[in-house]
file start19.csv (CSV, C-alpha atoms)
chain,number,residue,atom,x,y,z
A,149,MET,CA,-143.4,-17.4,-146.9
A,150,SER,CA,-143.9,-13.7,-147.4
A,151,TYR,CA,-146.3,-12.2,-150.0
A,152,PRO,CA,-146.6,-8.7,-151.5
A,153,THR,CA,-148.5,-6.2,-149.4
A,154,LEU,CA,-151.7,-5.1,-150.9
A,155,GLU,CA,-152.0,-1.4,-151.7
A,156,PRO,CA,-155.5,-0.6,-152.9
A,157,GLY,CA,-156.3,2.7,-154.7
A,158,GLY,CA,-153.7,2.4,-157.5
A,159,SER,CA,-154.1,1.9,-161.2
A,160,LEU,CA,-153.5,-1.3,-163.2
A,161,LEU,CA,-150.3,-0.3,-165.2
A,162,ILE,CA,-150.4,-2.3,-168.5
A,163,ALA,CA,-148.8,-2.0,-171.9
A,164,TRP,CA,-152.0,-1.5,-174.0
A,165,GLN,CA,-151.5,-2.9,-177.5
A,166,LEU,CA,-153.1,-0.4,-179.9
A,167,ARG,CA,-151.5,-1.5,-183.2
A,168,GLY,CA,-154.1,-1.1,-185.9
A,169,ARG,CA,-156.8,-0.2,-183.5
A,170,ARG,CA,-159.1,2.8,-184.3
A,171,VAL,CA,-158.9,5.7,-182.0
A,172,LEU,CA,-160.9,9.0,-182.1
A,173,LEU,CA,-159.1,12.1,-180.8
A,174,VAL,CA,-161.4,15.1,-180.2
A,175,GLY,CA,-159.4,18.3,-180.2
A,176,GLY,CA,-156.4,19.8,-181.8
A,177,GLY,CA,-154.5,21.9,-179.2
A,178,GLU,CA,-151.3,21.2,-177.4
A,179,VAL,CA,-152.7,18.4,-175.2
A,180,ALA,CA,-154.3,16.7,-178.1
A,181,ALA,CA,-151.0,16.9,-180.0
A,182,GLY,CA,-149.3,15.2,-177.1
A,183,ARG,CA,-151.9,12.5,-177.1
A,184,LEU,CA,-151.4,12.0,-180.9
A,185,VAL,CA,-147.7,11.4,-180.4
A,186,LEU,CA,-148.4,8.7,-177.8
A,187,LEU,CA,-151.1,7.0,-180.0
A,188,LYS,CA,-148.9,7.0,-183.2
A,189,ASN,CA,-146.0,5.6,-181.2
A,190,ALA,CA,-148.3,2.7,-180.3
A,191,ASP,CA,-149.2,2.3,-184.1
A,192,ALA,CA,-152.8,3.2,-183.6
A,193,HIS,CA,-155.1,4.3,-186.5
A,194,VAL,CA,-156.1,7.8,-185.4
A,195,THR,CA,-159.0,10.0,-186.5
A,196,VAL,CA,-158.8,13.7,-185.4
A,197,LEU,CA,-162.0,15.6,-185.0
A,198,CYS,CA,-161.4,19.3,-184.7
A,199,ALA,CA,-162.4,22.5,-186.5
A,200,PRO,CA,-159.5,24.0,-188.6
A,201,GLU,CA,-159.4,27.1,-186.3
A,202,GLY,CA,-158.9,24.9,-183.3
A,203,LEU,CA,-155.7,23.3,-184.6
A,204,GLY,CA,-152.5,24.2,-182.8
A,205,LYS,CA,-149.2,24.5,-184.7
A,206,GLU,CA,-148.0,21.0,-183.8
A,207,MET,CA,-151.3,19.3,-184.7
A,208,LYS,CA,-151.5,21.2,-188.0
A,209,TYR,CA,-147.9,20.1,-188.7
A,210,ARG,CA,-148.7,16.5,-188.0
A,211,ILE,CA,-151.7,16.6,-190.2
A,212,GLU,CA,-150.4,18.7,-193.2
A,213,VAL,CA,-146.7,18.1,-193.2
A,214,GLU,CA,-146.0,14.7,-191.6
A,215,GLN,CA,-149.4,13.4,-192.6
A,216,VAL,CA,-149.4,10.9,-189.7
A,217,VAL,CA,-153.1,11.4,-188.9
A,218,ASP,CA,-155.0,8.6,-190.6
A,219,LYS,CA,-158.1,10.7,-191.0
A,220,TYR,CA,-158.9,14.3,-190.2
A,221,ILE,CA,-162.5,15.5,-189.8
A,222,PRO,CA,-162.4,19.4,-190.1
A,223,GLU,CA,-165.3,20.2,-187.8
A,224,PRO,CA,-166.0,20.6,-184.1
A,225,TYR,CA,-167.8,18.0,-182.0
A,226,SER,CA,-171.5,18.8,-182.1
A,227,ARG,CA,-173.4,15.5,-182.2
A,228,GLU,CA,-173.1,11.8,-181.2
A,229,GLU,CA,-173.0,10.6,-184.8
A,230,GLN,CA,-169.5,11.9,-185.0
A,231,LEU,CA,-168.4,9.4,-182.4
A,232,THR,CA,-168.8,6.4,-184.7
A,233,CYS,CA,-166.6,5.5,-187.7
A,234,GLY,CA,-167.4,4.1,-191.1
A,235,GLU,CA,-170.6,4.1,-193.1
A,236,ASN,CA,-172.2,1.5,-190.8
A,237,GLY,CA,-171.7,3.4,-187.6
A,238,GLU,CA,-168.9,1.1,-186.4
A,239,MET,CA,-167.4,1.8,-183.0
A,240,TYR,CA,-164.0,3.2,-182.2
A,241,ASP,CA,-161.7,1.1,-179.9
A,242,MET,CA,-160.9,4.1,-177.8
A,243,ILE,CA,-162.0,7.8,-177.6
A,244,LEU,CA,-160.0,10.7,-176.2
A,245,THR,CA,-161.1,14.3,-175.7
A,246,ALA,CA,-158.9,17.3,-175.2
A,247,ILE,CA,-161.2,20.3,-175.6
A,248,ASP,CA,-162.2,23.3,-173.6
A,249,ASP,CA,-165.9,22.3,-173.4
A,250,PRO,CA,-166.8,20.5,-170.2
A,251,GLU,CA,-170.4,19.8,-171.3
A,252,ALA,CA,-169.3,18.2,-174.6
A,253,SER,CA,-166.6,16.2,-172.8
A,254,ARG,CA,-169.1,14.8,-170.3
A,255,GLU,CA,-171.5,13.9,-173.1
A,256,ILE,CA,-168.7,12.1,-175.0
A,257,CYS,CA,-167.6,10.3,-171.8
A,258,ALA,CA,-171.2,9.1,-171.0
A,259,TRP,CA,-171.8,8.0,-174.6
A,260,SER,CA,-168.5,6.0,-174.6
A,261,ARG,CA,-169.0,4.4,-171.3
A,262,ALA,CA,-172.6,3.3,-172.2
A,263,ARG,CA,-171.0,1.4,-175.1
A,264,HIS,CA,-168.0,0.1,-173.1
A,265,ILE,CA,-165.5,2.1,-175.1
A,266,PRO,CA,-162.5,3.2,-173.0
A,267,VAL,CA,-162.5,7.0,-172.8
A,268,ASN,CA,-160.2,9.7,-171.5
A,269,VAL,CA,-161.2,13.3,-170.9
A,270,ALA,CA,-158.1,15.4,-170.5
A,271,ASP,CA,-157.6,16.9,-167.0
A,272,VAL,CA,-160.8,15.4,-165.6
A,273,PRO,CA,-159.9,12.3,-163.6
A,274,PRO,CA,-163.4,11.2,-162.8
A,275,GLU,CA,-164.1,11.0,-166.6
A,276,CYS,CA,-161.1,8.9,-167.4
A,277,ASP,CA,-161.0,5.1,-167.6
A,278,PHE,CA,-157.2,5.4,-167.8
A,279,TYR,CA,-154.6,8.0,-167.4
A,280,PHE,CA,-151.6,9.1,-169.4
A,281,GLY,CA,-148.4,9.0,-167.4
A,282,SER,CA,-145.0,10.6,-168.0
A,283,VAL,CA,-143.1,8.2,-170.3
A,284,ILE,CA,-139.4,7.4,-170.8
A,285,ARG,CA,-138.6,5.9,-174.1
A,286,ARG,CA,-135.3,4.1,-175.0
A,287,GLY,CA,-136.0,2.1,-178.1
A,288,PRO,CA,-138.1,-0.9,-176.9
A,289,LEU,CA,-137.8,0.3,-173.3
A,290,GLN,CA,-140.8,2.2,-172.0
A,291,VAL,CA,-141.1,3.4,-168.4
A,292,MET,CA,-144.3,5.2,-167.3
A,293,VAL,CA,-144.6,7.3,-164.1
A,294,SER,CA,-148.2,7.8,-163.0
A,295,THR,CA,-149.5,9.8,-160.1
A,296,GLY,CA,-153.1,8.5,-160.6
A,297,GLY,CA,-154.1,11.8,-162.0
A,298,LYS,CA,-153.1,13.7,-158.9
A,299,GLY,CA,-149.9,15.4,-160.0
A,300,PRO,CA,-149.1,15.2,-163.7
A,301,ARG,CA,-146.4,18.0,-163.4
A,302,LEU,CA,-144.8,16.1,-160.5
A,303,ALA,CA,-144.8,12.9,-162.6
A,304,ARG,CA,-142.8,14.8,-165.2
A,305,GLN,CA,-140.1,15.8,-162.6
A,306,ILE,CA,-139.9,12.2,-161.3
A,307,ARG,CA,-139.6,11.0,-164.9
A,308,GLN,CA,-136.7,13.3,-165.6
A,309,ARG,CA,-134.8,12.1,-162.6
A,310,LEU,CA,-135.3,8.4,-163.6
A,311,GLU,CA,-134.4,9.3,-167.2
A,312,ASN,CA,-131.0,10.6,-166.0
A,313,ALA,CA,-130.4,7.3,-164.2
A,314,ILE,CA,-131.0,5.1,-167.2
A,315,PRO,CA,-127.9,4.5,-169.3
A,316,SER,CA,-128.1,5.7,-172.9
A,317,TYR,CA,-127.2,2.2,-174.2
A,318,THR,CA,-130.1,0.5,-172.4
A,319,GLY,CA,-132.3,0.4,-175.5
A,320,ASP,CA,-129.4,-1.3,-177.5
A,321,ALA,CA,-129.1,-3.9,-174.7
A,322,ILE,CA,-132.8,-4.8,-174.9
A,323,GLU,CA,-132.6,-5.1,-178.7
A,324,ARG,CA,-129.6,-7.4,-178.5
A,325,VAL,CA,-131.4,-9.6,-175.8
A,326,GLY,CA,-134.4,-9.7,-178.2
A,327,SER,CA,-132.1,-11.0,-181.0
A,328,LEU,CA,-130.6,-13.6,-178.6
A,329,ARG,CA,-134.0,-14.8,-177.6
A,330,SER,CA,-135.0,-15.1,-181.3
A,331,ALA,CA,-131.9,-17.1,-182.1
A,332,LEU,CA,-132.5,-19.3,-179.1
A,333,ARG,CA,-136.1,-20.0,-180.2
A,334,LYS,CA,-134.8,-21.2,-183.5
A,335,ILE,CA,-132.5,-23.9,-181.9
A,336,ALA,CA,-135.0,-24.8,-179.2
A,337,PRO,CA,-138.5,-24.2,-180.8
A,338,ARG,CA,-140.6,-26.8,-179.0
A,339,PRO,CA,-143.3,-25.6,-176.5
A,340,GLU,CA,-142.0,-28.0,-173.8
A,341,GLN,CA,-138.7,-26.1,-174.0
A,342,SER,CA,-140.3,-22.8,-173.1
A,343,ALA,CA,-139.6,-23.0,-169.3
A,344,ALA,CA,-135.9,-23.9,-170.0
A,345,ARG,CA,-135.6,-21.1,-172.5
A,346,MET,CA,-136.9,-18.5,-170.0
A,347,SER,CA,-134.7,-19.8,-167.2
A,348,TRP,CA,-131.6,-19.7,-169.4
A,349,MET,CA,-132.3,-16.2,-170.7
A,350,THR,CA,-132.8,-15.1,-167.1
A,351,ASP,CA,-129.4,-16.5,-166.2
A,352,VAL,CA,-127.9,-14.6,-169.2
A,353,CYS,CA,-129.4,-11.3,-168.1
A,354,GLU,CA,-128.3,-11.8,-164.5
A,355,THR,CA,-124.7,-12.8,-165.5
A,356,TRP,CA,-124.0,-10.1,-168.1
A,357,THR,CA,-124.3,-6.4,-167.2
A,358,ILE,CA,-126.5,-4.1,-169.3
A,359,ASP,CA,-123.4,-2.5,-171.0
A,360,GLN,CA,-122.1,-5.9,-171.8
A,361,LEU,CA,-125.4,-7.0,-173.3
A,362,ALA,CA,-125.4,-3.9,-175.5
A,363,GLU,CA,-122.2,-5.2,-177.1
A,364,LEU,CA,-123.9,-8.4,-178.4
A,365,ASP,CA,-123.9,-8.7,-182.2
A,366,ASP,CA,-124.3,-11.3,-184.9
A,367,GLU,CA,-120.9,-12.7,-184.2
A,368,SER,CA,-121.1,-13.0,-180.5
A,369,ILE,CA,-124.6,-14.3,-180.2
A,370,PRO,CA,-123.8,-17.8,-181.5
A,371,LEU,CA,-120.9,-17.9,-179.0
A,372,VAL,CA,-123.3,-17.2,-176.2
A,373,LEU,CA,-125.7,-19.8,-177.5
A,374,GLU,CA,-123.0,-22.4,-177.2
A,375,GLY,CA,-123.8,-22.5,-173.5
A,376,TRP,CA,-127.5,-23.4,-174.1
A,377,HIS,CA,-126.7,-27.1,-174.7
A,378,ASP,CA,-125.4,-27.7,-171.2
A,379,ARG,CA,-127.5,-24.9,-169.7
A,380,THR,CA,-124.5,-22.7,-168.8
A,381,VAL,CA,-123.9,-19.0,-169.5
A,382,PRO,CA,-120.5,-18.2,-171.1
A,383,ALA,CA,-118.7,-15.3,-169.3
A,384,TYR,CA,-118.5,-12.0,-171.2
A,385,SER,CA,-114.7,-12.2,-171.2
A,386,GLN,CA,-114.8,-15.7,-172.6
A,387,VAL,CA,-117.1,-14.7,-175.5
A,388,MET,CA,-115.1,-11.6,-176.3
A,389,GLN,CA,-111.9,-13.6,-176.3
A,390,SER,CA,-113.4,-16.2,-178.6
A,391,LYS,CA,-114.5,-13.4,-180.9
A,392,ARG,CA,-111.0,-11.9,-181.0
A,393,ASN,CA,-109.5,-15.3,-181.7
A,394,TRP,CA,-112.0,-15.7,-184.6
A,395,HIS,CA,-111.0,-12.3,-186.0
A,396,TRP,CA,-107.2,-12.6,-185.6
A,397,PRO,CA,-106.4,-15.1,-188.4
A,398,ARG,CA,-108.5,-13.0,-190.8
A,399,MET,CA,-106.7,-9.8,-189.6
A,400,GLN,CA,-103.4,-11.5,-190.2
A,401,ASN,CA,-104.5,-12.4,-193.8
A,402,VAL,CA,-105.6,-8.8,-194.4
A,403,ALA,CA,-102.3,-7.5,-193.0
A,404,SER,CA,-100.3,-9.9,-195.2
A,405,PHE,CA,-102.2,-8.9,-198.2
A,406,LEU,CA,-101.7,-5.2,-197.6
A,407,LEU,CA,-98.0,-5.7,-196.9
A,408,GLY,CA,-97.7,-7.6,-200.2
A,409,VAL,CA,-99.5,-4.9,-202.1
A,410,THR,CA,-97.4,-2.2,-200.5
A,411,SER,CA,-94.2,-4.0,-201.2
A,412,THR,CA,-95.1,-4.6,-204.8
A,413,ALA,CA,-96.1,-1.0,-205.3
A,414,ALA,CA,-92.7,0.1,-203.8
A,415,ILE,CA,-90.8,-2.2,-206.2
A,416,ILE,CA,-92.8,-0.9,-209.2
A,417,VAL,CA,-92.1,2.7,-208.2
A,418,ALA,CA,-88.4,1.9,-207.8
A,419,LEU,CA,-88.2,0.3,-211.2
A,420,ALA,CA,-90.0,3.1,-212.8
A,421,HIS,CA,-87.7,5.6,-211.2
A,422,ARG,CA,-84.6,3.7,-212.5
A,423,THR,CA,-86.1,3.5,-216.0
A,424,HIS,CA,-86.6,7.3,-216.2
A,425,ARG,CA,-83.0,8.1,-215.0
call {"tool": "encode", "arguments": {"input": "start19.csv", "output": "structure tokens"}}
result
Amino acid sequence: MSYPTLEPGGSLLIAWQLRGRRVLLVGGGEVAAGRLVLLKNADAHVTVLCAPEGLGKEMKYRIEVEQVVDKYIPEPYSREEQLTCGENGEMYDMILTAIDDPEASREICAWSRARHIPVNVADVPPECDFYFGSVIRRGPLQVMVSTGGKGPRLARQIRQRLENAIPSYTGDAIERVGSLRSALRKIAPRPEQSAARMSWMTDVCETWTIDQLAELDDESIPLVLEGWHDRTVPAYSQVMQSKRNWHWPRMQNVASFLLGVTSTAAIIVALAHRTHR
């Protein structure tokens, strides 16, 4: 039996759930604006601490026009009291700095670490508990390229190459698979069915291609689920054929109705023409 080879020195790449968590972002320039986008995409509750004259165009737009910043404190960092939130001095869940003040950044980093608050000081790897990679986003799909703080610009180039290789419909495919999983859970909700559900979903994803999965909809999902009962996966062609067979009688009815309407209209027009002659 072979096991993965250990490669020490890397980072633990995880999808950190920040929904509703309170994050302090110190700074308002271009880097801070980029951090804000990532934080709001993760549904974090963001407080921006920055003097008005330090706000760049994008950050100012996010605050004043889009109003996506949950709280804006219009002053520069100058004291540790600014690193807490609320009247009772409650702690933030995460603190980020993106300012051109190394001494202040070191102070914020030391204060945060002393209180076990994850902290990131932009462009200073030793003062980062985590790094921001270059991210690809396709709906629910998120792919991060990280160089461990060694080459952020190179990470961007690698990300662009990977981005070109990912089909545009990949996000749709993932959404459809999510819908299929939800539908399966409704007909097989028991905890003891979990392993079987996972195994069957794996078979579906390995049997259907990504572009085929992207075509799943409310009509075809029940047809795929028919295979669950005997733990088989219907072929894509089989499901699409069943879907066409389901539509054909209805299309015939619609066609017959339209033909009848057209014929009736033609007769009425002809009679009206004779009457006026």
call {"tool": "atom_distance", "arguments": {"input": "start19.csv", "atom1": "atom CA of Ser327 of chain A", "atom2": "atom CA of Ile358 of chain A"}}
result
14.7 Å
call {"tool": "residues_around", "arguments": {"input": "start19.csv", "residues": "segment 271-282 of chain A", "least_positions_apart": "6", "cutoff": "6 Å", "atoms": "all atoms listed in the file", "output": "PyMOL selection string"}}
result
chain A and resi 292-294+303-304
call {"tool": "closest_residue", "arguments": {"input": "start19.csv", "among": "A:Gly375, A:Pro300, A:Pro152, A:Gly158", "to": "Val283 of chain A", "atoms": "only C-alpha atoms"}}
result
A:Pro300
call {"tool": "residues_around", "arguments": {"input": "start19.csv", "residues": "Gly177 of chain A", "least_positions_apart": "2", "cutoff": "12 Å", "atoms": "only C-alpha atoms", "output": "list in words"}}
result
Leu173, Val174, Gly175, Val179, Ala180, Ala181, Gly182, Arg183, Leu184, Val196, Leu197, Cys198, Ala199, Pro200, Glu201, Gly202, Leu203, Gly204, Lys205, Glu206, Met207, Lys208, Tyr209, Arg210, Thr245, Ala246, Ile247, Asp248 and Ala270 of chain A
call {"tool": "residues_around", "arguments": {"input": "start19.csv", "residues": "segment 159-167 of chain A", "least_positions_apart": "6", "cutoff": "6 Å", "atoms": "all atoms listed in the file", "output": "mmCIF file with C-alpha atoms, in the coordinates of the input"}}
result
data_model
loop_
_atom_site.group_PDB
_atom_site.id
_atom_site.type_symbol
_atom_site.label_atom_id
_atom_site.label_comp_id
_atom_site.auth_asym_id
_atom_site.auth_seq_id
_atom_site.Cartn_x
_atom_site.Cartn_y
_atom_site.Cartn_z
ATOM 1 C CA ALA A 190 -148.300 2.700 -180.300
ATOM 2 C CA ASP A 191 -149.200 2.300 -184.100
ATOM 3 C CA ALA A 192 -152.800 3.200 -183.600
#
call {"tool": "closest_residue", "arguments": {"input": "start19.csv", "among": "A:Ser316, A:Ile335, A:Ser260, A:Leu302", "to": "Thr232 of chain A", "atoms": "all atoms listed in the file"}}
result
A:Ser260
call {"tool": "atom_distance", "arguments": {"input": "start19.csv", "atom1": "atom CA of Gly326 of chain A", "atom2": "atom CA of Arg379 of chain A"}}
result
18.7 Å
call {"tool": "atom_distance", "arguments": {"input": "start19.csv", "atom1": "atom CA of Glu214 of chain A", "atom2": "atom CA of Asp241 of chain A"}}
result
23.8 Å
call {"tool": "closest_residue", "arguments": {"input": "start19.csv", "among": "A:Leu373, A:Glu229, A:Asp249, A:Val185", "to": "Val217 of chain A", "atoms": "all atoms listed in the file"}}
result
A:Val185
call {"tool": "residues_around", "arguments": {"input": "start19.csv", "residues": "Ser368 of chain A", "least_positions_apart": "3", "cutoff": "8 Å", "atoms": "all atoms listed in the file", "output": "MDAnalysis selection string"}}
result
chainID A and resid 364:365 371:372 387:388 391
call {"tool": "build_atoms", "arguments": {"input": "start19.csv", "residues": "segment 306-320 of chain A", "atoms": "N, CA and C atoms", "output": "CSV table (one decimal), keeping the file's coordinate frame"}}
result
chain,number,residue,atom,x,y,z
A,306,ILE,N,-140.4,13.6,-161.7
A,306,ILE,CA,-139.9,12.2,-161.3
A,306,ILE,C,-139.3,11.5,-162.5
A,307,ARG,N,-140.0,11.6,-163.6
A,307,ARG,CA,-139.6,11.0,-164.9
A,307,ARG,C,-138.2,11.5,-165.3
A,308,GLN,N,-138.0,12.8,-165.2
A,308,GLN,CA,-136.7,13.3,-165.6
A,308,GLN,C,-135.6,12.8,-164.7
A,309,ARG,N,-135.8,12.6,-163.4
A,309,ARG,CA,-134.8,12.1,-162.6
A,309,ARG,C,-134.5,10.6,-162.9
A,310,LEU,N,-135.5,9.8,-163.2
A,310,LEU,CA,-135.3,8.4,-163.6
A,310,LEU,C,-134.6,8.4,-164.9
A,311,GLU,N,-135.0,9.3,-165.8
A,311,GLU,CA,-134.4,9.3,-167.2
A,311,GLU,C,-132.9,9.5,-167.1
A,312,ASN,N,-132.4,10.3,-166.2
A,312,ASN,CA,-131.0,10.6,-166.0
A,312,ASN,C,-130.3,9.4,-165.5
A,313,ALA,N,-131.0,8.5,-164.8
A,313,ALA,CA,-130.4,7.3,-164.2
A,313,ALA,C,-130.3,6.1,-165.1
A,314,ILE,N,-131.0,6.2,-166.3
A,314,ILE,CA,-131.0,5.1,-167.2
A,314,ILE,C,-129.9,5.3,-168.2
A,315,PRO,N,-128.9,4.4,-168.4
A,315,PRO,CA,-127.9,4.5,-169.3
A,315,PRO,C,-128.4,4.6,-170.8
A,316,SER,N,-127.7,5.4,-171.6
A,316,SER,CA,-128.1,5.7,-172.9
A,316,SER,C,-128.1,4.4,-173.8
A,317,TYR,N,-127.3,3.4,-173.4
A,317,TYR,CA,-127.2,2.2,-174.2
A,317,TYR,C,-128.3,1.1,-173.8
A,318,THR,N,-129.2,1.4,-172.9
A,318,THR,CA,-130.1,0.5,-172.4
A,318,THR,C,-131.0,-0.1,-173.5
A,319,GLY,N,-131.5,0.8,-174.4
A,319,GLY,CA,-132.3,0.4,-175.5
A,319,GLY,C,-131.5,-0.6,-176.4
A,320,ASP,N,-130.2,-0.4,-176.6
A,320,ASP,CA,-129.4,-1.3,-177.5
A,320,ASP,C,-129.3,-2.6,-176.8
